[in-house]
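**Q** I am attaching a structure below and will ask some questions about it afterwards.
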Amino acid sequence: MGDTDRPPGQQPGQQWRLPRQLQMAPELVRLLLRTPPPPAPGQPEPTAEEIASQTLAQQEVIEEVITEVESAIVVDREYRLKAWRLAGLGLLIVITIAVTLGRLFVGGPPTVAELREQAGVDTWPSLAIGVKDDQFGTAYYDPVEKRWSGFDIDIAYMIAEDLGFRREDVQFYGMESEDRARMQADDPVGGERVPVHMVIASYSITQTREDMAGVTFSQGYLDTEQSVLTLKGHSPVAALKDLAGRKVCSLSTSTSQSALEDFKAIVIRKNRVRECFALLDSRQVEAISTDAAILAGWKHRYPEKYDHFDLGLDATERWGVNVGENLALKELVDLTLYRSWADPKDSRWEEAFDRNFQVEVAANGGTPIAAAHQPRVERPDVRWLPWEDPLG
C-alpha cells in the first residue's frame with residue numbers, strides 16, 4: 001500500500017488506529033449527556049437562557065463527535081478492504097510461484113541433466129558404437145586409409161556431438177547382424193568381445209525386435225525399402241515372385257528374409273553383406289536382397305558389375321538406434337533426432353544424406369535408395385528449464 005493509501009495522520013510503518021479523541025468518543029458523549037449537578041448552597045439557579053446555551057453546546061459537541069466517528073469508520077473500512085485485497089493478491093502470487101517452481105524443479109518429466117545422470121553419459125571416457133563396416137555409403141571402414149565413412153557414421157557423429165563427445169572420443173566397432181541385439185562387437189585389436197553403448201547398424205525397427213531382451217529403439221532416422229541386386233546382365237527382377245526357386249543371399253536376422261521365404265526363394269543367410277557378394281561374384285547365388293540403402297552403395301562402387309532392381313514393395317524399412325536397456329539414453333538420442341528434424345537451422349541430417357546417398361542416385365538409375373527427408377520425430381518428454389532452448 002502506498003503513502004496515499006494510509007489513513008490520515010498515519011506515518012510510514014505505523015500501525016493504524018483511531019485517533020485518541022475518537023477512541024474516547026463514547027465516554028465523552030456519556031459525560032455530556034449526564035444531568036448537571038444541582039448548584040451549591042447559596043448559588044443561584046441557572047437561568048433558562050444558560051440552560052439552553054449549555055444544551056446547544058453539548059449538542060454541537062455530540063454532533064461533531066458523531067461525524068468524526070462516522071468518518072473514521074469509513075476510512076477504517078476502506079483501509080481494511082484494501083489490505084485484504086493486497087493480501088489476497090500477494091497470496092495468489094506466492095501460490096503461482098510455488099506451483100511453477102514445483103513443476104520446474106520437482107514434478108514432471110526429467111531434465112536433460114537428469115537424463116544424462118540416469119544414462120551415465122558423463123562417466124564415459126569415450127562413446128562405443130556398434131556399426132557395420134562393409135556397407136559402402138552406409139557404414140564402411142577403409143583399412144588402407146583407416147577411416148570410417150557412411151550415413152550411419154555421420155548419424156553417429158551427430159548424436160555423439162550432442163552428447164558432448166569429440167570425434168576422437170567416438171570408438172566404432174564393426175559388428176555382425178546377429179550381434180546388434182546383443183550390443184556386443186569384436187575388438188579388432190585384442191579379439192575380445194566389447195560391449196557398446198549403442199548400435200547404429202542399418203537396424204530396422206520392428207515389433208518383434210522391440211520385444212526382444214536388450215533391444216530398445218530410438219525413433220527412426222532413415223526410411224528405405226527392400227530391393228534386389230544381381231550380376232550385370234541378369235534378366236530384370238520386377239517382383240519377389242521372380243526369385244521363386246532361386247538362391248538368394250540375405251543378411252541373418254534381417255527383415256528381408258521373411259518376404260523372400262513367402263515367395264519360395266531359397267534363402268542363404270550370412271552375417272555380413274560382403275559374404276553375400278562373395279557368393280554372388282562366384283555365382284553361388286543368383287541375387288542379393290536386403291535394404292536398398294545398403295545395395296545402392298555396392299552398385300555405386302561397382303556400376304559395371306551389378307544391376308539394382310526395385311521390387312515395388314509398400315513396406316518401409318525404418319532404421320533406428322538400439323540403446324539396449326538404457327532408456328534415458330534413448331531419450332537423449334531422440335532429442336538429437338528431434339532437433340535435427342525440427343530445427344530449420346540444423347542441416348546435419350540433410351548434409352549426411354547428400355554426402356552418402358544423393359551421390360549414388362545416378363549410378364542406381366530409377367531404383368529408389370531411401371527417402372530424401374528425415375522421418376518425423378516426436379518431441380521427447382523432457383522438462384525444459386526457462387533458460388534452456390529445446391532446439392539446442
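Each chain of the C-alpha cells is named A, B, ... in the order shown, its residues numbered from 1; ligands are numbered from 1 in display order.
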Can I get the residues of segment 138-190 of chain A within 9 Å of segment 321-330 of chain A, each with the closest pair of atoms and their distance in Å to one decimal, using only C-alpha atoms, sorted chain first then ascending number, as a Markdown table?

**A**
| residue | atom | partner | partner_atom | distance |
| --- | --- | --- | --- | --- |
| A:Arg180 | CA | A:Asn322 | CA | 7.8 |
| A:Ala181 | CA | A:Gly324 | CA | 7.6 |
| A:Arg182 | CA | A:Gly324 | CA | 8.2 |
| A:Met183 | CA | A:Gly324 | CA | 6.8 |

**Q** For the structure I just gave you, how does DSSP split segment 106-216 of chain A - specifically, which residues are strand (DSSP E or B)? Reply as a PyMOL selection string.

**A** chain A and resi 127-131+134-135+139-142+147-149+170-174+184-186+193-195+198-199+204

**Q** Hey, which of A:Ala287, A:Glu331, A:Val170, A:Ala315 ends up closest to Arg383 of chain A? Count only C-alpha atoms.

**A**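 Counting only C-alpha atoms, the residue closest to Arg383 of chain A is A:Glu331.
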
**Q** Determine the nearest neighbour of Leu163 of chain A from the options A:Ala278, A:Leu115, A:Val248, A:Leu222, counting only C-alpha atoms.

**A**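 Going through A:Ala278, A:Leu115, A:Val248, A:Leu222 one by one, the smallest distance to Leu163 of chain A is for A:Leu115.
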
**Q** Residues near segment 292-306 of chain A, anyone? I mean within 10 Å using only C-alpha atoms, not counting same-chain ones fewer than 5 positions away, as a PyMOL selection string.

**A** chain A and resi 134-140+150-151+202+222-234+273-274+277+280-281+287+311+317+356-357+359-364+367-371

**Q** Quote the spacing between atom CA of Thr290 of chain A and atom CA of Arg376 of chain A in Å to one decimal place.

**A**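 Calculated distance between atom CA of Thr290 of chain A and atom CA of Arg376 of chain A is 23.6 Å.
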
**Q** For segment 267-271 of chain A, find every residue with an atom within 6 Å (counting only C-alpha atoms), except residues of its own chain fewer than 2 positions away, and show them as a count of residues only.

**A** 9
